[in-house]
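Remarks on the structure that follows.
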Number of protein chains: 2
Amino acid sequence: MISATEQKILEASLLLFSQKGYDAVTTKEIALHSGVSEMTLFRHFACKRNLFETMFETYIVNPQFKALFEQQMEENIEKDLIKICQCYQENLRKNQKIIMLQLRNQDFISISDAPLCRIPSELKRLLMDYLSKMKEKGYFIADVEIGAVNILAYNFGLFMFCLVNKQLLSGTEIDKCIADYAKKLSVQSQCPMAGGPRTTMEEK
Amino acid sequence: MISATEQKILEASLLLFSQKGYDAVTTKEIALHSGVSEMTLFRHFACKRNLFETMFETYIVNPQFKALFEQQMEENIEKDLIKICQCYQENLRKNQKIIMLQLRNQDFISISDAPLCRIPSELKRLLMDYLSKMKEKGYFIADVEIGAVNILAYNFGLFMFCLVNKQLLSGTEIDKCIADYAKKLSVQSQCPMAGGPRTTMEEK
DNA sequence: TAAGGATGTTAGTAGATACTAACATCCTTA
DNA sequence: TAAGGATGTTAGTATCTACTAACATCCTTA
């Protein structure tokens, strides 16, 4: 369906648009980076806007949150949280260029069907369901919505943070950060004074 | 030093550049939004690039982290963390347009003197010093650098998250999120099995 | 070999954009 | 009132950019 030529053009435009934003990239530039003539670009995509939109739809990676929550949860907040964070981080990484592109371009605010809004919105719902269940069972206390928002915020921040200033991490790896974060969030339920029962962690 | 006319132009350009990025904004547009003629704009700032840079330098708000860490800390992780988060959030809010502008424009990666890198970099150093001290006194366990990075990531994420999808918060306020976050991060030291002494929280 | 499709090349157009020159007008202040 | 500085207006230039037309060339395949 997508020819080799089209793919070259789409890949170049993804890279350039994500690096510079829509307006700052010229069709000539995209053609140059694709290794094709500008004419070929217009023959395949008619106009710049259409190229942009085709590229956008082509490269979005949809997350696998539903399967994660339905199949991989163990009712252990720490372990579950690590899986959730890793899954979200992976999706953020895969969509990195699309996300950057969206940040660069005009209205990155309140376009609800754009991945920047849609994906965390979906995850928020699933997270709230999960935390509600855990709360019923006594493994989680505190407000469910705030808990969900904080997890989302942390993950998005971690991703952006690594993107913006890589040198600030200095060897510290993301997985260690997540492990540390998950441990701190879950330790509350291990604490007698917090009111919840112990997690299943120490069962083994 | 900055005349009323210049201020109108600077404010309009801050708003427009932060909304659309450098390339997508025209000098005519800025003039229109400033309520002056395009000619006046060039008379004051010579060229678009210079206007942009002047605006950038004019509107950065430097953080008050140093005073915060030197004067306001109480050696109570939860209380201190809330103050730190609030201070950082306030600075992020004040620099919101500058940050958005930087996200929109080309190289928001690895420009170390830009506020997007410089400010968290400074805060990271101060946070690590603080956590080291707290660790010595037994109020904090776990890796100091990871702890600092996680706090930075959480805050940046919370800020970005509110910016990108406000509707996801649905009445939940930032302060409540921070309070919840700070409580969870500090509860570890209240937990006997975690090895640390109790915080000063319950002293009163 | 013949044909057809994809691609390159060249030249060009229409509109936008950053920026300038020259002159007119307004407002303040001495 | 006179003068000077700031501003507006108008016209214009050079450059860039998205996009088109026409023709040439290459590659595959029947």
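We name chains A, B, ... following the order of the structure tokens; residues begin at 1 in each chain, and ligands are numbered from 1 as shown.
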ask   = Where in region 7-199 of chain B does DSSP assign helix (DSSP H, G or I), given as number ranges by chain?
value = B: 7-20, 27-34, 38-45, 48-59, 65-71, 77-94, 96-104, 115-136, 144-164, 166-168, 174-190, 192-194
Which residues, written as a compact mmCIF listing (two decimals) with N, CA and C atoms, in the first residue's frame, have at least one atom at most 9 Å from Lys184 (chain A), with only C-alpha atoms (C1' of nucleotides) counted and residues fewer than 6 positions away on the same chain left out?
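Done, and the output landed in around.txt:
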```
# COMPACT_ATOMS: atom_id res chain seq x y z
N GLU A 78 3.20 -2.50 44.02
CA GLU A 78 4.55 -2.20 43.56
C GLU A 78 4.83 -2.86 42.22
N LYS B 184 3.21 10.31 50.23
CA LYS B 184 3.67 8.98 49.85
C LYS B 184 5.18 8.87 49.86
N LEU B 185 5.83 9.93 49.43
CA LEU B 185 7.30 9.89 49.42
C LEU B 185 7.86 9.91 50.82
N SER B 186 7.17 10.51 51.75
CA SER B 186 7.74 10.66 53.09
C SER B 186 7.34 9.51 54.00
N VAL B 187 6.29 8.79 53.64
CA VAL B 187 5.76 7.78 54.55
C VAL B 187 6.76 6.67 54.80
N GLN B 188 7.65 6.48 53.85
CA GLN B 188 8.66 5.45 53.97
C GLN B 188 9.49 5.59 55.25
```
For the interface of chain C with chain B (cut-off 10 Å, counting only C-alpha atoms (C1' of nucleotides)), please tabulate each contacting residue of chain C alongside its nearest pair of atoms and their separation in Å to one decimal, rows sorted by chain and increasing number, as JSON lines.
```
{"residue": "C:DA16", "atom": "C1'", "partner": "B:Thr26", "partner_atom": "CA", "distance": 9.8}
{"residue": "C:DT17", "atom": "C1'", "partner": "B:Thr26", "partner_atom": "CA", "distance": 7.4}
{"residue": "C:DA18", "atom": "C1'", "partner": "B:Thr27", "partner_atom": "CA", "distance": 7.8}
{"residue": "C:DC19", "atom": "C1'", "partner": "B:Cys47", "partner_atom": "CA", "distance": 7.7}
{"residue": "C:DT20", "atom": "C1'", "partner": "B:Met39", "partner_atom": "CA", "distance": 9.4}
```
Distance table requested - chain D against chain A, cut-off 12 Å, only C-alpha atoms (C1' of nucleotides): one row per qualifying residue with the closest atom pair and its distance in Å to one decimal, ordered by chain and rising residue number, as CSV.
```
residue,atom,partner,partner_atom,distance
D:DC16,C1',A:Thr26,CA,9.9
D:DT17,C1',A:Thr26,CA,7.3
D:DA18,C1',A:Thr27,CA,7.7
D:DC19,C1',A:Cys47,CA,7.7
D:DT20,C1',A:Met39,CA,9.4
D:DA21,C1',A:Met39,CA,11.2
```
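Within 6 Å of chain A, counting only C-alpha atoms, chain B contributes Lys20, Asp23, Ala24, Arg104, Gln106, Ile109, Ser110, Cys117, Ile146, Ala153, Tyr154, Phe156, Gly157, Leu158, Phe161, Val164, Asn165, Cys177, Lys184, Leu185 and Cys191 of chain B.
Atom to atom, CA of Gly35 (chain A) and CA of Lys94 (chain A) stand 24.8 Å apart.
Shell of region 54-68 of chain A at 8 Å, with only C-alpha atoms (C1' of nucleotides) counted and residues fewer than 5 places along the chain excluded, is Leu10, Glu11, Ser13, Leu14, Met73, Ile84, Cys87, Tyr88, Asn91, Lys94, Asn95, Ile98, Pro115, Ile119, Leu123 and Leu126 of chain A.
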Just-selected residues, N, CA and C atoms written as a PDB file, in the first residue's frame:
```pdb
ATOM      1  N   LEU A  10       7.791   9.755   3.879  1.00  0.00           N
ATOM      2  CA  LEU A  10       7.095   9.807   5.169  1.00  0.00           C
ATOM      3  C   LEU A  10       8.084   9.823   6.334  1.00  0.00           C
ATOM      4  N   GLU A  11       9.113   8.996   6.224  1.00  0.00           N
ATOM      5  CA  GLU A  11      10.094   8.949   7.312  1.00  0.00           C
ATOM      6  C   GLU A  11      10.844  10.267   7.452  1.00  0.00           C
ATOM      7  N   SER A  13       9.795  13.176   6.555  1.00  0.00           N
ATOM      8  CA  SER A  13       8.909  14.236   7.050  1.00  0.00           C
ATOM      9  C   SER A  13       8.618  14.056   8.538  1.00  0.00           C
ATOM     10  N   LEU A  14       8.499  12.817   8.988  1.00  0.00           N
ATOM     11  CA  LEU A  14       8.332  12.582  10.428  1.00  0.00           C
ATOM     12  C   LEU A  14       9.492  13.179  11.202  1.00  0.00           C
ATOM     13  N   MET A  73      -2.018  -7.946  35.760  1.00  0.00           N
ATOM     14  CA  MET A  73      -2.008  -7.411  37.119  1.00  0.00           C
ATOM     15  C   MET A  73      -2.010  -8.542  38.153  1.00  0.00           C
ATOM     16  N   ILE A  84       2.943  -1.057  34.749  1.00  0.00           N
ATOM     17  CA  ILE A  84       2.170   0.037  34.135  1.00  0.00           C
ATOM     18  C   ILE A  84       3.104   1.142  33.649  1.00  0.00           C
ATOM     19  N   CYS A  87       5.082   0.044  30.613  1.00  0.00           N
ATOM     20  CA  CYS A  87       4.232   0.009  29.420  1.00  0.00           C
ATOM     21  C   CYS A  87       3.983   1.414  28.885  1.00  0.00           C
ATOM     22  N   TYR A  88       3.706   2.338  29.788  1.00  0.00           N
ATOM     23  CA  TYR A  88       3.445   3.717  29.369  1.00  0.00           C
ATOM     24  C   TYR A  88       4.712   4.356  28.810  1.00  0.00           C
ATOM     25  N   ASN A  91       5.323   3.141  25.356  1.00  0.00           N
ATOM     26  CA  ASN A  91       4.442   3.801  24.389  1.00  0.00           C
ATOM     27  C   ASN A  91       4.884   5.239  24.122  1.00  0.00           C
ATOM     28  N   LYS A  94       7.881   5.083  21.850  1.00  0.00           N
ATOM     29  CA  LYS A  94       7.511   4.750  20.474  1.00  0.00           C
ATOM     30  C   LYS A  94       6.853   5.928  19.768  1.00  0.00           C
ATOM     31  N   ASN A  95       6.131   6.714  20.510  1.00  0.00           N
ATOM     32  CA  ASN A  95       5.453   7.876  19.922  1.00  0.00           C
ATOM     33  C   ASN A  95       6.262   9.155  20.083  1.00  0.00           C
ATOM     34  N   ILE A  98       6.152  11.671  17.244  1.00  0.00           N
ATOM     35  CA  ILE A  98       4.790  12.202  17.097  1.00  0.00           C
ATOM     36  C   ILE A  98       4.477  13.189  18.228  1.00  0.00           C
ATOM     37  N   PRO A 115      -3.003  12.063  20.100  1.00  0.00           N
ATOM     38  CA  PRO A 115      -2.449  11.076  21.040  1.00  0.00           C
ATOM     39  C   PRO A 115      -1.984  11.686  22.353  1.00  0.00           C
ATOM     40  N   ILE A 119      -4.235   9.228  24.665  1.00  0.00           N
ATOM     41  CA  ILE A 119      -3.563   8.101  25.313  1.00  0.00           C
ATOM     42  C   ILE A 119      -3.566   8.229  26.839  1.00  0.00           C
ATOM     43  N   LEU A 123      -5.515   5.849  29.651  1.00  0.00           N
ATOM     44  CA  LEU A 123      -4.787   5.252  30.781  1.00  0.00           C
ATOM     45  C   LEU A 123      -5.355   5.724  32.116  1.00  0.00           C
ATOM     46  N   LEU A 126      -8.348   3.564  33.032  1.00  0.00           N
ATOM     47  CA  LEU A 126      -7.928   2.224  33.464  1.00  0.00           C
ATOM     48  C   LEU A 126      -7.267   2.267  34.837  1.00  0.00           C
TER      49      LEU A 126
END
```
So that I can check the surroundings of Met134 (chain A), please list as a compact mmCIF listing (two decimals) with C-alpha atoms, in the first residue's frame every protein, DNA and RNA residue that reaches within 10 Å of it, counting only C-alpha atoms (C1' of nucleotides) and ignoring chain neighbours fewer than 5 positions away.
```txt
# COMPACT_ATOMS: atom_id res chain seq x y z
CA GLU A 75 -2.83 -7.23 42.95
CA ASN A 76 0.57 -6.12 44.17
CA ILE A 77 0.80 -2.37 43.86
CA MET A 128 -8.74 4.71 38.25
CA ASP A 129 -10.55 1.40 37.82
CA TYR A 139 -4.33 -2.29 49.31
CA PHE A 140 -4.63 1.39 48.47
CA ILE A 141 -5.74 4.38 50.43
CA VAL A 144 -8.26 7.42 43.43
```
key: Neighbour list for region 8-14 of chain C as a PyMOL selection string, cut-off 8 Å, only C-alpha atoms (C1' of nucleotides), skip fewer than 6 positions in-chain   = (chain A and resi 37) or (chain D and resi 24-25)
